[in-house]
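Trainee: Have a look at this one before I ask anything.
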Amino acid sequence: YFYDNLKMLQHEPHIRKVEFEEDILLSAEVYARQAFSNQAISYDRVCLPENGIPTEEMVDQFLSHFRETSIYIDLDSPKFPALYLVSHSGGQRATIFMVMSCLLYGHIYGTLKKTCAYEINNRKPNYKEGEYMAVQRLVSHIKDGNLIKQQVDTVIDQCSKVINLRTCISAHKENLEHATSSNVANGLDKHDSLYLKCVSALETH
C-alpha cells in the first residue's frame with residue numbers, strides 16, 4: 001500500500017504493484033547511482049509534482065545551475081546546458097520545465113519580444129487567453145506586466161506540441177461547468193476531481 005497524499009487521507013492508501021527495486025526507492029536514491037565516466041560531466045534531476053506547480057525549492061534547484069556556472073549566462077557564450085524532459089502522465093510536467101527553460105534562454109540571449117500592444121480587457125476577459133482574475137492581479141502588480149504575459153504566452157504556444165498550459169485551463173473550466181456532483185469516477189466525486197484539475201492548471205499558468 002502506498003500513500004500519495006499525506007494531507008488528504010480519506011482516499012488513501014492505494015494499492016500499487018511492486019515489480020522492481022526502483023518502485024520502492026526515492027528518485028534521489030535511484031539516480032544517485034548514475035555517474036559519467038567523464039568527470040567534467042554532471043547531471044541533476046528535478047522531479048516535479050504530479051499536480052500543481054513546482055515548489056520554490058525545485059525552481060531554485062533548477063536555477064542554481066545557471067547561478068553557479070557563469071558561462072551559461074554569458075551573452076558571448078553560445079553554451080546552454082542540455083535538458084532532457086520526460087513525462088509519464090500527459091506531458092504537463094515536462095512542458096512546464098520546457099517553458100521555464102525557453103523563457104530563461106530568451107532572457108539571456110534577448111530573443112523575447114521587447115514591446116507589445118497587448119492589454120487585458122478587465123471588463124471582458126478572454127479566458128482562452130488566460131485572462132483570469134488571478135492573472136489580471138498579477139499582471140497589474142508587476143512592471144511591464146502585459147509585456148511579460150505576452151512573452152510567457154508566446155513561449156507557451158511554442159512549447160504546445162503536447163499540451164498548451166494556457167488553453168488547457170479553459171478546457172478544464174468548461175468540463176467543470178458541465179460536470180454534476182452526482183457523477184462518480186474512480187471512487188471520487190467527478191465534480192471535485194475536475195475542480196482539482198482546474199485549480200492545478202490555473203496554478204501552473
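For the C-alpha cells, the naming scheme is as follows: chains receive sequential letters (A, B, ...) according to their order of presentation, residues are indexed from 1 within each chain, and ligands are indexed from 1 in presentation order.
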Just want the 8 Å neighbourhood of region 146-151 of chain A, counted on only C-alpha atoms, with same-chain residues fewer than 3 positions away dropped. Output as a VMD selection string.

Mentor: chain A and resid 112 to 116 118 to 120 139 154 to 155

Trainee: Go ahead and write the selection's residues with N, CA and C atoms as a compact mmCIF listing (two decimals), in the first residue's frame.

Mentor:
# COMPACT_ATOMS: atom_id res chain seq x y z
N LEU A 112 13.27 37.32 -26.68
CA LEU A 112 11.87 37.61 -26.35
C LEU A 112 11.48 39.00 -26.87
N LYS A 113 10.19 39.19 -27.08
CA LYS A 113 9.70 40.48 -27.55
C LYS A 113 10.01 41.58 -26.55
N LYS A 114 10.35 42.74 -27.07
CA LYS A 114 10.69 43.87 -26.20
C LYS A 114 9.52 44.82 -26.00
N THR A 115 8.58 44.83 -26.93
CA THR A 115 7.41 45.70 -26.82
C THR A 115 6.16 44.92 -27.22
N CYS A 116 5.01 45.42 -26.80
CA CYS A 116 3.76 44.79 -27.19
C CYS A 116 2.61 45.77 -27.02
N TYR A 118 -0.39 44.48 -26.41
CA TYR A 118 -1.39 43.63 -25.75
C TYR A 118 -1.81 44.21 -24.40
N GLU A 119 -3.10 44.21 -24.15
CA GLU A 119 -3.63 44.62 -22.85
C GLU A 119 -4.82 43.75 -22.51
N ILE A 120 -4.94 43.41 -21.24
CA ILE A 120 -6.08 42.62 -20.79
C ILE A 120 -7.30 43.52 -20.65
N VAL A 139 -0.58 40.58 -13.25
CA VAL A 139 -0.11 41.48 -14.31
C VAL A 139 -0.13 42.93 -13.84
N THR A 154 3.71 33.57 -25.57
CA THR A 154 4.38 33.22 -26.82
C THR A 154 5.20 31.95 -26.66
N VAL A 155 5.92 31.86 -25.55
CA VAL A 155 6.73 30.66 -25.29
C VAL A 155 5.84 29.45 -25.04

Trainee: Can you tell me, as a list in words, what residues are no more than 12 Å from region 122-127 of chain A when counting only C-alpha atoms, ignoring any on the same chain fewer than 3 positions away?

Mentor: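 Near region 122-127 of chain A, the qualifying residues are Glu119, Gly130, Glu131, Tyr132, Met133, Ala134, Val135, Gln136, Arg137, Val139, Ser140, Arg166, Thr167, Cys168, Ile169, Ser170, Ala171, His172, Lys173, Glu174 and Leu202 of chain A.
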
Trainee: List as a PDB file with N, CA and C atoms, in the first residue's frame the protein and nucleic acid residues near Ser70 (chain A), meaning an atom at most 12 Å away when only C-alpha atoms are counted, but skip any in the same chain fewer than 4 places from it.

Mentor:
ATOM      1  N   LEU A  63      17.487  26.709 -11.169  1.00  0.00           N
ATOM      2  CA  LEU A  63      18.204  27.950 -11.457  1.00  0.00           C
ATOM      3  C   LEU A  63      19.624  27.952 -10.900  1.00  0.00           C
ATOM      4  N   SER A  64      19.873  27.134  -9.886  1.00  0.00           N
ATOM      5  CA  SER A  64      21.196  27.127  -9.257  1.00  0.00           C
ATOM      6  C   SER A  64      22.297  26.760 -10.246  1.00  0.00           C
ATOM      7  N   HIS A  65      21.975  25.954 -11.242  1.00  0.00           N
ATOM      8  CA  HIS A  65      22.993  25.553 -12.217  1.00  0.00           C
ATOM      9  C   HIS A  65      23.443  26.740 -13.065  1.00  0.00           C
ATOM     10  N   PHE A  66      22.554  27.689 -13.271  1.00  0.00           N
ATOM     11  CA  PHE A  66      22.916  28.873 -14.046  1.00  0.00           C
ATOM     12  C   PHE A  66      23.665  29.876 -13.168  1.00  0.00           C
ATOM     13  N   ASP A  74      26.549  33.944 -19.831  1.00  0.00           N
ATOM     14  CA  ASP A  74      27.462  34.837 -20.547  1.00  0.00           C
ATOM     15  C   ASP A  74      26.894  35.083 -21.941  1.00  0.00           C
ATOM     16  N   LEU A  75      26.601  36.345 -22.257  1.00  0.00           N
ATOM     17  CA  LEU A  75      25.996  36.674 -23.544  1.00  0.00           C
ATOM     18  C   LEU A  75      26.908  36.346 -24.716  1.00  0.00           C
ATOM     19  N   ASP A  76      28.211  36.277 -24.471  1.00  0.00           N
ATOM     20  CA  ASP A  76      29.158  35.978 -25.546  1.00  0.00           C
ATOM     21  C   ASP A  76      29.390  34.478 -25.712  1.00  0.00           C
ATOM     22  N   SER A  77      28.736  33.688 -24.882  1.00  0.00           N
ATOM     23  CA  SER A  77      28.915  32.240 -24.959  1.00  0.00           C
ATOM     24  C   SER A  77      27.647  31.586 -25.504  1.00  0.00           C
ATOM     25  N   LYS A  79      26.894  28.546 -25.083  1.00  0.00           N
ATOM     26  CA  LYS A  79      26.645  27.322 -24.327  1.00  0.00           C
ATOM     27  C   LYS A  79      25.380  27.427 -23.479  1.00  0.00           C
ATOM     28  N   PHE A  80      24.644  26.334 -23.471  1.00  0.00           N
ATOM     29  CA  PHE A  80      23.430  26.218 -22.664  1.00  0.00           C
ATOM     30  C   PHE A  80      23.340  24.757 -22.249  1.00  0.00           C
ATOM     31  N   PRO A  81      23.007  24.467 -21.007  1.00  0.00           N
ATOM     32  CA  PRO A  81      23.013  23.069 -20.562  1.00  0.00           C
ATOM     33  C   PRO A  81      22.006  22.217 -21.320  1.00  0.00           C
ATOM     34  N   ILE A 108      18.251  35.463 -21.492  1.00  0.00           N
ATOM     35  CA  ILE A 108      19.709  35.542 -21.560  1.00  0.00           C
ATOM     36  C   ILE A 108      20.168  36.060 -22.921  1.00  0.00           C
TER      37      ILE A 108
END

Trainee: So, with only C-alpha atoms as the atoms that count, which of A:Glu177, A:Glu29, A:Glu129, A:Glu50 lies closest to Leu165 (chain A)?

Mentor: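 Going through A:Glu177, A:Glu29, A:Glu129, A:Glu50 one by one, the smallest distance to Leu165 (chain A) is for A:Glu129.
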
Trainee: Would you pick out the contacts of Tyr3 (chain A) at 8 Å or less, using only C-alpha atoms, so that residues sharing its chain but fewer than 5 positions from it are not included, and give the list as a list in words?

Mentor: Glu12, Pro13 and His14 of chain A

Trainee: Just write the chosen residues, N, CA and C atoms, as a PDB file, in the first residue's frame.

Mentor:
ATOM      1  N   GLU A  12      -6.782   7.532   0.795  1.00  0.00           N
ATOM      2  CA  GLU A  12      -5.530   6.784   0.863  1.00  0.00           C
ATOM      3  C   GLU A  12      -5.714   5.539   1.727  1.00  0.00           C
ATOM      4  N   PRO A  13      -4.846   4.527   1.639  1.00  0.00           N
ATOM      5  CA  PRO A  13      -3.733   4.398   0.691  1.00  0.00           C
ATOM      6  C   PRO A  13      -4.190   3.748  -0.615  1.00  0.00           C
ATOM      7  N   HIS A  14      -3.238   3.619  -1.557  1.00  0.00           N
ATOM      8  CA  HIS A  14      -3.514   2.985  -2.840  1.00  0.00           C
ATOM      9  C   HIS A  14      -2.704   1.699  -2.957  1.00  0.00           C
TER      10      HIS A  14
END

Trainee: How far is it from CA of Pro49 (chain A) to CA of Cys102 (chain A), in Å with one decimal?

Mentor: 20.2 Å

Trainee: So which residues of region 43-192 of chain A fall under helix (DSSP H, G or I) by DSSP, listed as a PyMOL selection string?

Mentor: chain A and resi 56-68+70-73+92-109+127-129+133-141+145-158+167-178+190-192

Trainee: Which polymer residues have any atom within 8 Å of an atom of region 158-164 of chain A, counting only C-alpha atoms, with same-chain residues fewer than 4 positions away left out, as a short mmCIF file (atom, residue, chain, number, x, y, z; two decimals) with N, CA and C atoms, in the first residue's frame?

Mentor:
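Listing of out05.cif after writing:
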data_model
loop_
_atom_site.label_atom_id
_atom_site.label_comp_id
_atom_site.auth_asym_id
_atom_site.auth_seq_id
_atom_site.Cartn_x
_atom_site.Cartn_y
_atom_site.Cartn_z
N GLY A 90 0.95 12.63 -19.48
CA GLY A 90 0.27 13.59 -20.34
C GLY A 90 1.11 14.77 -20.79
N GLY A 91 2.29 14.95 -20.22
CA GLY A 91 3.19 15.97 -20.71
C GLY A 91 3.18 17.29 -19.98
N GLN A 92 2.30 17.46 -18.99
CA GLN A 92 2.21 18.76 -18.33
C GLN A 92 3.49 19.12 -17.59
N THR A 95 6.30 19.95 -19.98
CA THR A 95 6.05 21.21 -20.66
C THR A 95 6.32 22.40 -19.74
N MET A 98 9.93 22.92 -19.89
CA MET A 98 10.28 23.35 -21.23
C MET A 98 10.04 24.85 -21.38
N VAL A 99 8.90 25.31 -20.88
CA VAL A 99 8.57 26.74 -20.93
C VAL A 99 9.55 27.53 -20.07
N THR A 154 3.71 33.57 -25.57
CA THR A 154 4.38 33.22 -26.82
C THR A 154 5.20 31.95 -26.66
N CYS A 168 -5.35 24.83 -21.79
CA CYS A 168 -5.89 23.68 -21.06
C CYS A 168 -6.67 24.14 -19.83
#
